[in-house]
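protein-v1.txt, holding compact mmCIF, C-alpha atoms:
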# COMPACT_ATOMS: atom_id res chain seq x y z
CA MET A 1 -61.90 -179.44 110.31
CA SER A 2 -63.04 -182.95 109.44
CA ALA A 3 -66.55 -183.13 108.00
CA THR A 4 -68.96 -185.94 108.84
CA ILE A 5 -69.49 -188.34 105.94
CA TYR A 6 -72.91 -189.87 105.30
CA THR A 7 -73.96 -192.46 102.76
CA LEU A 8 -77.13 -192.33 100.68
CA ARG A 9 -78.18 -195.50 102.47
CA GLU A 10 -78.02 -193.64 105.78
CA LEU A 11 -79.95 -190.73 104.26
CA SER A 12 -82.61 -193.22 103.15
CA GLU A 13 -82.89 -194.66 106.66
CA ILE A 14 -83.29 -191.17 108.13
CA THR A 15 -85.78 -189.79 105.59
CA GLY A 16 -87.50 -192.91 104.24
CA ALA A 17 -86.22 -192.20 100.73
CA GLU A 18 -86.39 -194.70 97.88
CA LEU A 19 -82.94 -195.14 96.34
CA LEU A 20 -81.74 -195.50 92.77
CA ILE A 21 -77.98 -196.14 92.69
CA ASN A 22 -76.33 -195.78 89.29
CA ALA A 23 -72.90 -194.76 90.63
CA PRO A 24 -72.34 -197.08 93.59
CA GLY A 25 -68.77 -195.93 94.21
CA ARG A 26 -69.94 -192.37 94.77
CA ALA A 27 -72.95 -192.87 97.04
CA LYS A 28 -71.64 -190.79 99.96
CA PHE A 29 -71.38 -187.11 100.81
CA SER A 30 -70.29 -184.56 103.41
CA GLU A 31 -71.59 -181.33 101.85
CA LEU A 32 -75.15 -180.15 101.22
CA LEU A 33 -76.16 -178.09 98.18
CA THR A 34 -79.43 -176.32 97.43
CA ASP A 35 -78.16 -173.72 94.96
CA SER A 36 -76.81 -175.29 91.76
CA ARG A 37 -74.60 -172.25 91.13
CA LYS A 38 -72.53 -172.95 94.23
CA LEU A 39 -71.18 -176.42 93.46
CA VAL A 40 -67.54 -176.59 94.62
CA HIS A 41 -66.75 -180.20 95.54
CA PRO A 42 -69.04 -182.38 93.39
CA GLU A 43 -67.52 -185.64 94.64
CA GLU A 44 -68.45 -184.73 98.24
CA THR A 45 -71.87 -183.15 97.66
CA VAL A 46 -75.53 -184.14 97.70
CA PHE A 47 -77.90 -181.78 95.90
CA PHE A 48 -81.43 -181.24 97.23
CA ALA A 49 -83.72 -180.36 94.31
CA LEU A 50 -85.93 -177.89 96.15
CA THR A 51 -89.11 -176.65 94.51
CA GLY A 52 -91.12 -173.47 95.01
CA GLU A 53 -93.35 -170.99 93.29
CA ARG A 54 -90.49 -169.55 91.24
CA HIS A 55 -87.85 -172.28 91.15
CA ASP A 56 -87.40 -176.00 90.60
CA GLY A 57 -84.06 -177.57 91.42
CA HIS A 58 -84.83 -180.58 89.23
CA ARG A 59 -84.13 -178.39 86.17
CA PHE A 60 -80.42 -178.25 87.04
CA ILE A 61 -79.67 -181.93 87.66
CA HIS A 62 -78.37 -182.67 84.16
CA GLU A 63 -76.05 -179.66 84.40
CA LEU A 64 -74.74 -180.74 87.80
CA VAL A 65 -74.11 -184.28 86.59
CA GLY A 66 -72.06 -182.75 83.77
CA GLN A 67 -70.01 -180.94 86.42
CA GLY A 68 -69.33 -184.15 88.34
CA GLY A 69 -72.28 -184.25 90.73
CA ARG A 70 -73.47 -187.75 91.53
CA ASN A 71 -75.85 -187.58 94.49
CA PHE A 72 -79.33 -186.03 94.35
CA VAL A 73 -82.42 -185.85 96.56
CA VAL A 74 -85.50 -185.44 94.37
CA SER A 75 -89.28 -185.42 94.64
CA ARG A 76 -89.81 -186.82 91.14
CA LEU A 77 -87.72 -189.20 89.08
CA THR A 78 -88.26 -189.13 85.31
CA ASP A 79 -86.96 -191.67 82.82
CA ALA A 80 -84.39 -189.11 81.67
CA LEU A 81 -83.02 -188.84 85.20
CA ARG A 82 -83.05 -192.60 85.72
CA ASP A 83 -80.64 -192.99 82.79
CA LEU A 84 -78.02 -190.64 84.25
CA PRO A 85 -74.79 -191.96 85.86
CA ALA A 86 -75.92 -190.66 89.23
CA ASN A 87 -77.56 -191.68 92.49
CA PHE A 88 -81.04 -190.54 93.49
CA ALA A 89 -82.98 -190.48 96.75
CA LEU A 90 -86.69 -190.09 95.99
CA VAL A 91 -88.76 -188.39 98.71
CA PRO A 92 -92.20 -186.73 98.84
CA ASP A 93 -90.74 -183.35 99.84
CA THR A 94 -87.07 -182.43 99.39
CA LEU A 95 -87.15 -179.60 101.94
CA VAL A 96 -88.59 -181.89 104.60
CA ALA A 97 -85.89 -184.46 103.77
CA LEU A 98 -83.19 -181.79 104.15
CA GLN A 99 -84.56 -180.83 107.54
CA GLN A 100 -84.89 -184.44 108.68
CA LEU A 101 -81.30 -185.23 107.73
CA VAL A 102 -79.90 -182.22 109.57
CA ALA A 103 -82.10 -182.80 112.64
CA PHE A 104 -80.55 -186.27 112.86
CA HIS A 105 -77.07 -184.78 112.41
CA ARG A 106 -77.74 -182.27 115.20
CA SER A 107 -78.81 -185.04 117.57
CA ARG A 108 -75.31 -186.55 117.45
CA PHE A 109 -73.83 -183.67 119.47
CA ASP A 110 -74.43 -182.80 123.11
CA TYR A 111 -72.55 -179.53 123.60
CA PRO A 112 -74.54 -176.33 124.34
CA VAL A 113 -76.43 -174.65 121.51
CA ILE A 114 -77.78 -171.10 121.67
CA GLY A 115 -80.91 -170.42 119.60
CA ILE A 116 -81.70 -166.78 118.79
CA THR A 117 -84.94 -165.37 117.41
CA GLY A 118 -86.80 -162.06 117.33
CA SER A 119 -88.06 -159.55 114.79
CA ASN A 120 -84.74 -157.71 114.53
CA GLY A 121 -81.17 -157.99 115.74
CA LYS A 122 -80.71 -161.75 115.45
CA THR A 123 -77.57 -161.59 113.35
CA ILE A 124 -75.83 -158.84 115.29
CA VAL A 125 -76.53 -160.55 118.63
CA LYS A 126 -75.18 -163.81 117.20
CA GLU A 127 -72.00 -162.04 116.07
CA TRP A 128 -71.62 -160.23 119.42
CA LEU A 129 -71.82 -163.54 121.26
CA TYR A 130 -69.33 -165.09 118.87
CA GLN A 131 -66.82 -162.28 119.40
CA LEU A 132 -67.24 -162.45 123.17
CA LEU A 133 -66.90 -166.23 123.44
CA ARG A 134 -64.58 -167.22 120.61
CA ALA A 135 -61.42 -166.96 122.73
CA ASP A 136 -62.69 -169.60 125.14
CA ARG A 137 -64.63 -171.98 122.89
CA ASN A 138 -64.54 -173.44 119.41
CA ILE A 139 -67.83 -172.12 118.04
CA VAL A 140 -69.99 -173.07 115.05
CA ARG A 141 -72.52 -170.42 114.05
CA SER A 142 -74.95 -169.44 111.33
CA PRO A 143 -73.16 -167.85 108.37
CA LYS A 144 -74.47 -164.38 107.54
CA SER A 145 -78.25 -164.35 108.14
CA TYR A 146 -78.98 -168.02 107.44
CA ASN A 147 -82.15 -168.25 109.54
CA SER A 148 -84.84 -169.55 107.16
CA GLN A 149 -86.33 -173.00 106.59
CA ILE A 150 -83.40 -173.62 104.22
CA GLY A 151 -80.76 -171.49 105.92
CA VAL A 152 -81.09 -173.11 109.35
CA PRO A 153 -80.35 -176.68 108.20
CA LEU A 154 -77.43 -175.46 106.09
CA SER A 155 -76.08 -173.72 109.21
CA VAL A 156 -76.57 -176.59 111.64
CA TRP A 157 -74.93 -179.00 109.19
CA GLY A 158 -71.66 -177.32 110.17
CA MET A 159 -71.73 -178.86 113.66
CA GLN A 160 -68.78 -181.19 114.24
CA SER A 161 -67.31 -182.99 117.24
CA GLU A 162 -64.44 -180.51 117.60
CA HIS A 163 -66.83 -177.67 118.37
CA ALA A 164 -67.78 -176.75 121.95
CA LEU A 165 -70.70 -174.37 121.31
CA GLY A 166 -73.26 -173.67 118.59
CA ILE A 167 -74.97 -170.31 117.96
CA PHE A 168 -77.81 -170.32 115.45
CA GLU A 169 -80.51 -167.82 114.54
CA ALA A 170 -84.03 -168.69 113.48
CA GLY A 171 -86.49 -166.51 111.58
CA ILE A 172 -90.09 -167.13 110.60
CA SER A 173 -92.63 -165.37 108.41
CA ARG A 174 -95.81 -167.31 109.23
CA THR A 175 -97.30 -169.83 111.65
CA ALA A 176 -96.26 -173.49 111.87
CA GLU A 177 -92.66 -172.73 110.87
CA MET A 178 -90.76 -172.46 114.15
CA SER A 179 -91.45 -175.99 115.37
CA ARG A 180 -89.63 -177.30 112.29
CA LEU A 181 -86.62 -175.11 113.08
CA GLU A 182 -86.67 -176.13 116.75
CA ALA A 183 -86.33 -179.78 115.73
CA ILE A 184 -83.21 -178.86 113.75
CA ILE A 185 -81.49 -176.45 116.17
CA GLN A 186 -82.57 -178.20 119.39
CA PRO A 187 -81.27 -175.28 121.50
CA SER A 188 -80.27 -175.62 125.12
CA ILE A 189 -80.14 -171.84 125.64
CA GLY A 190 -82.75 -169.52 124.10
CA LEU A 191 -82.69 -165.79 123.41
CA ILE A 192 -85.48 -163.64 121.96
CA THR A 193 -84.31 -160.16 121.05
CA ASN A 194 -87.54 -158.20 120.51
CA ILE A 195 -90.85 -158.14 118.65
CA GLY A 196 -91.73 -155.72 115.87
CA ALA A 197 -93.56 -155.14 112.62
CA PRO A 198 -91.84 -157.53 110.16
CA HIS A 199 -94.33 -160.14 108.85
CA ASP A 200 -97.20 -158.76 110.95
CA GLU A 201 -99.52 -159.38 108.02
CA ASN A 202 -99.12 -163.16 108.37
CA PHE A 203 -100.24 -163.30 112.01
CA ARG A 204 -103.51 -162.41 113.74
CA ASP A 205 -101.65 -160.15 116.16
CA ARG A 206 -98.31 -159.67 117.91
CA ILE A 207 -99.19 -162.18 120.62
CA GLU A 208 -99.65 -164.92 118.04
CA LYS A 209 -96.32 -163.97 116.47
CA VAL A 210 -94.50 -164.02 119.82
CA ASN A 211 -96.03 -167.38 120.74
CA GLU A 212 -94.89 -168.78 117.40
CA LYS A 213 -91.35 -167.53 117.97
CA LEU A 214 -91.31 -169.05 121.46
CA GLN A 215 -91.87 -172.47 119.85
CA LEU A 216 -88.07 -172.45 119.49
CA PHE A 217 -87.64 -172.69 123.27
CA PRO A 218 -89.84 -175.33 124.99
CA LYS A 219 -86.84 -177.48 125.93
CA VAL A 220 -84.16 -174.88 126.67
CA ARG A 221 -82.52 -174.87 130.07
CA THR A 222 -82.17 -171.08 130.05
CA LEU A 223 -84.41 -168.51 128.35
CA ILE A 224 -83.19 -164.92 127.97
CA TYR A 225 -85.59 -162.15 126.96
CA CYS A 226 -86.32 -158.41 127.14
CA ARG A 227 -89.15 -157.29 129.45
CA ASP A 228 -89.62 -154.01 127.56
CA TYR A 229 -92.02 -155.74 125.15
CA PRO A 230 -95.33 -156.52 126.92
CA GLU A 231 -96.21 -159.18 124.33
CA ILE A 232 -92.98 -161.07 125.09
CA GLN A 233 -93.39 -160.77 128.87
CA SER A 234 -96.99 -162.03 128.71
CA ALA A 235 -96.14 -164.91 126.39
CA VAL A 236 -93.18 -166.01 128.53
CA GLU A 237 -95.36 -165.99 131.65
CA HIS A 238 -97.89 -168.29 129.95
CA MET A 239 -95.34 -170.39 128.13
CA ASN A 240 -95.71 -174.15 128.46
CA SER A 241 -92.27 -175.64 128.93
CA ASP A 242 -91.26 -179.28 128.65
CA ASN A 243 -88.53 -178.42 131.16
CA PRO A 244 -89.96 -177.54 134.60
CA HIS A 245 -86.50 -176.48 135.76
CA GLN A 246 -86.05 -173.91 133.01
CA THR A 247 -84.26 -170.74 134.18
CA ARG A 248 -85.49 -167.41 132.82
CA PHE A 249 -83.34 -164.29 132.71
CA SER A 250 -84.71 -160.89 131.72
CA TRP A 251 -83.23 -157.51 130.96
CA SER A 252 -84.86 -154.08 130.65
CA ARG A 253 -84.27 -150.39 130.21
CA LYS A 254 -87.76 -149.49 131.48
CA VAL A 255 -89.01 -151.88 134.16
CA LYS A 256 -87.64 -154.10 136.91
CA ALA A 257 -85.72 -157.08 135.51
CA ASP A 258 -82.87 -159.42 136.37
CA LEU A 259 -80.55 -157.05 134.54
CA GLN A 260 -81.51 -153.38 134.74
CA ILE A 261 -79.89 -151.18 132.08
CA GLY A 262 -79.55 -147.68 133.50
CA ARG A 263 -77.73 -145.88 130.73
CA ILE A 264 -76.39 -146.55 127.24
CA THR A 265 -73.32 -144.55 126.16
CA ARG A 266 -72.34 -144.45 122.52
CA HIS A 267 -68.72 -143.93 121.54
CA SER A 268 -67.28 -143.09 118.15
CA ASP A 269 -64.92 -145.47 116.37
CA ASP A 270 -61.96 -143.10 116.91
Written form, structure tokens:
Amino acid sequence: MSATIYTLRELSEITGAELLINAPGRAKFSELLTDSRKLVHPEETVFFALTGERHDGHRFIHELVGQGGRNFVVSRLTDALRDLPANFALVPDTLVALQQLVAFHRSRFDYPVIGITGSNGKTIVKEWLYQLLRADRNIVRSPKSYNSQIGVPLSVWGMQSEHALGIFEAGISRTAEMSRLEAIIQPSIGLITNIGAPHDENFRDRIEKVNEKLQLFPKVRTLIYCRDYPEIQSAVEHMNSDNPHQTRFSWSRKVKADLQIGRITRHSDD
């Protein structure tokens, strides 16, 4: 599979970064890195120095340069970094820059993309769909449970022209997160699995949490959901969609729905 190659100049145009080029022959990349321990192809990689309460990617830049890394996205540029034989893109927020870059990358492809969210079951539903559809389509999907503010862009970066379908999961833990993931995934088909207790403490109530999750779907052509959760049914009914022709498909084990599940039979693996 041929990976898309970007230059730091293109990254700067997408994110508004200020550039410092000390290794002009190496100012391009096709791989993204956020964990310094996972450097594999330094000559093809750009490292995003993410910062948080317990980590600071800037601490590992000297080490990565020693391993051959040459391209870095940073939120601060000290004199010690300026002297390194490496290229730097200076931005206010490295996570935002990562998301902006991948949102642009996603916009280059027009094949269908399925976006999956919910309190539980996102990964298993993604893998079920992959197993069901893989014989007919070349599919790119989230690896493992990559559904966070960092995991989603790393997943969507895998989209290439040879694919025919994308399947990505999105998870949130508080308000104002899903709209950022929607801009990256840009799904054309949406699926919400369920609603439950995880992260309840960060929302006023379940309705607020459902409404936040539905921020993944305002532009989808088809929305698939379970009617067995009253909070989901109510939120879908009041959902404002940018697509007036959106199709909605429901399933249920309890009430009337487009797909009525009458019985579930479990079989052993024998």
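Between CA of Thr247 in chain A and CA of Thr193 in chain A lies a distance of 16.9 Å.
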Applying 8 Å and only C-alpha atoms, which residues near range 255-258 of chain A remain after dropping the ones on its own chain fewer than 3 positions away? List them as a list in words.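 Non-adjacent residues within range: Arg227, Asp228, Phe249, Ser250, Trp251 and Ser252 of chain A.
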Hey, can you pull every residue with an atom no more than 10 Å from (-75.7, -162.4, 113.8), using all atoms listed in the file, and send it as a ChimeraX atom specification? /A:116,121-130,141-147,167-169
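You will find CA of Leu19 in chain A at 11.4 Å from CA of Thr7 in chain A.
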Near-range 157-160 of chain A list (9 Å; all atoms listed in the file; drop same-chain fewer than 6 positions) as a PDB file with C-alpha atoms, in the coordinates of the input:
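Contents of selection_17.pdb, as written:
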ATOM      1  CA  MET A   1     -61.900-179.440 110.310  1.00  0.00           C
ATOM      2  CA  SER A   2     -63.040-182.950 109.440  1.00  0.00           C
ATOM      3  CA  ALA A   3     -66.550-183.130 108.000  1.00  0.00           C
ATOM      4  CA  THR A   4     -68.960-185.940 108.840  1.00  0.00           C
ATOM      5  CA  GLU A  31     -71.590-181.330 101.850  1.00  0.00           C
ATOM      6  CA  LEU A  32     -75.150-180.150 101.220  1.00  0.00           C
ATOM      7  CA  VAL A 102     -79.900-182.220 109.570  1.00  0.00           C
ATOM      8  CA  ALA A 103     -82.100-182.800 112.640  1.00  0.00           C
ATOM      9  CA  HIS A 105     -77.070-184.780 112.410  1.00  0.00           C
ATOM     10  CA  ARG A 106     -77.740-182.270 115.200  1.00  0.00           C
ATOM     11  CA  PHE A 109     -73.830-183.670 119.470  1.00  0.00           C
ATOM     12  CA  ILE A 139     -67.830-172.120 118.040  1.00  0.00           C
ATOM     13  CA  VAL A 140     -69.990-173.070 115.050  1.00  0.00           C
ATOM     14  CA  ARG A 141     -72.520-170.420 114.050  1.00  0.00           C
ATOM     15  CA  SER A 142     -74.950-169.440 111.330  1.00  0.00           C
ATOM     16  CA  GLY A 166     -73.260-173.670 118.590  1.00  0.00           C
TER      17      GLY A 166
END
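Atom to atom, CA of Met178 in chain A and CA of Lys213 in chain A stand 6.3 Å apart.
With distances taken over all atoms listed in the file, A:Leu64 is the one residue among A:Ala23, A:Ala17, A:Val96, A:Leu64 lying closest to Ser36 in chain A.
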The residue from A:Asn243, A:Asn22, A:Ser119, A:Gln215 with the smallest atom-to-atom distance to Phe88 in chain A, counting all atoms listed in the file, is A:Asn22
Env of Ser12 in chain A: 12 Å cut, atoms = all atoms listed in the file, seq-sep filter 5 positions within chain, self excluded. Answer as a list in words.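 So, after excluding close chain neighbours, the residues are Tyr6, Thr7, Ala17, Glu18, Leu19, Leu20, Ile21, Ala27, Lys28, Phe72, Val73, Asn87, Phe88, Ala89, Leu90, Val91, Ala97, Leu98, Gln100 and Leu101 of chain A.
Within the 12 Å cut-off around Asp35 in chain A, using all atoms listed in the file and omitting residues fewer than 4 positions from it on the same chain, the listed residues are A:Leu39, A:Val40, A:Thr45, A:Val46, A:Phe47, A:Phe48, A:Ala49, A:Leu50, A:Thr51, A:His55, A:Asp56, A:Gly57, A:His58, A:Arg59, A:Phe60, A:Ile61, A:Leu64, A:Ile150, A:Gly151, A:Leu154.
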When distances are computed from all atoms listed in the file, which of A:Cys226, A:Ile195, A:Ala164, A:Val152 shows the smallest separation from Gln99 in chain A? A:Val152
Give me the residues of range 30-146 of chain A that have any atom at most 10 Å from an atom of range 217-222 of chain A; for each, the nearest atom pair and the distance in Å, rounded to one decimal. Use only C-alpha atoms, sort by chain and number, and format it as JSON lines.
{"residue": "A:Pro112", "atom": "CA", "partner": "A:Arg221", "partner_atom": "CA", "distance": 9.9}
{"residue": "A:Val113", "atom": "CA", "partner": "A:Val220", "partner_atom": "CA", "distance": 9.3}
{"residue": "A:Ile114", "atom": "CA", "partner": "A:Val220", "partner_atom": "CA", "distance": 8.9}
{"residue": "A:Gly115", "atom": "CA", "partner": "A:Phe217", "partner_atom": "CA", "distance": 8.0}
{"residue": "A:Ile116", "atom": "CA", "partner": "A:Phe217", "partner_atom": "CA", "distance": 9.5}
{"residue": "A:Thr117", "atom": "CA", "partner": "A:Phe217", "partner_atom": "CA", "distance": 9.8}
Measuring between only C-alpha atoms, which one of A:Gly69, A:Gly16, A:Pro187, A:Gly52 shows the shortest distance to Phe29 in chain A?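 Closest to Phe29 in chain A, using only C-alpha atoms: A:Gly69.
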In terms of the shortest atom-to-atom distance over all atoms listed in the file, which of A:Pro42, A:Ser75, A:Val236, A:Gly118 is closest to Pro198 in chain A?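 Under the stated criterion, the closest residue is A:Gly118.
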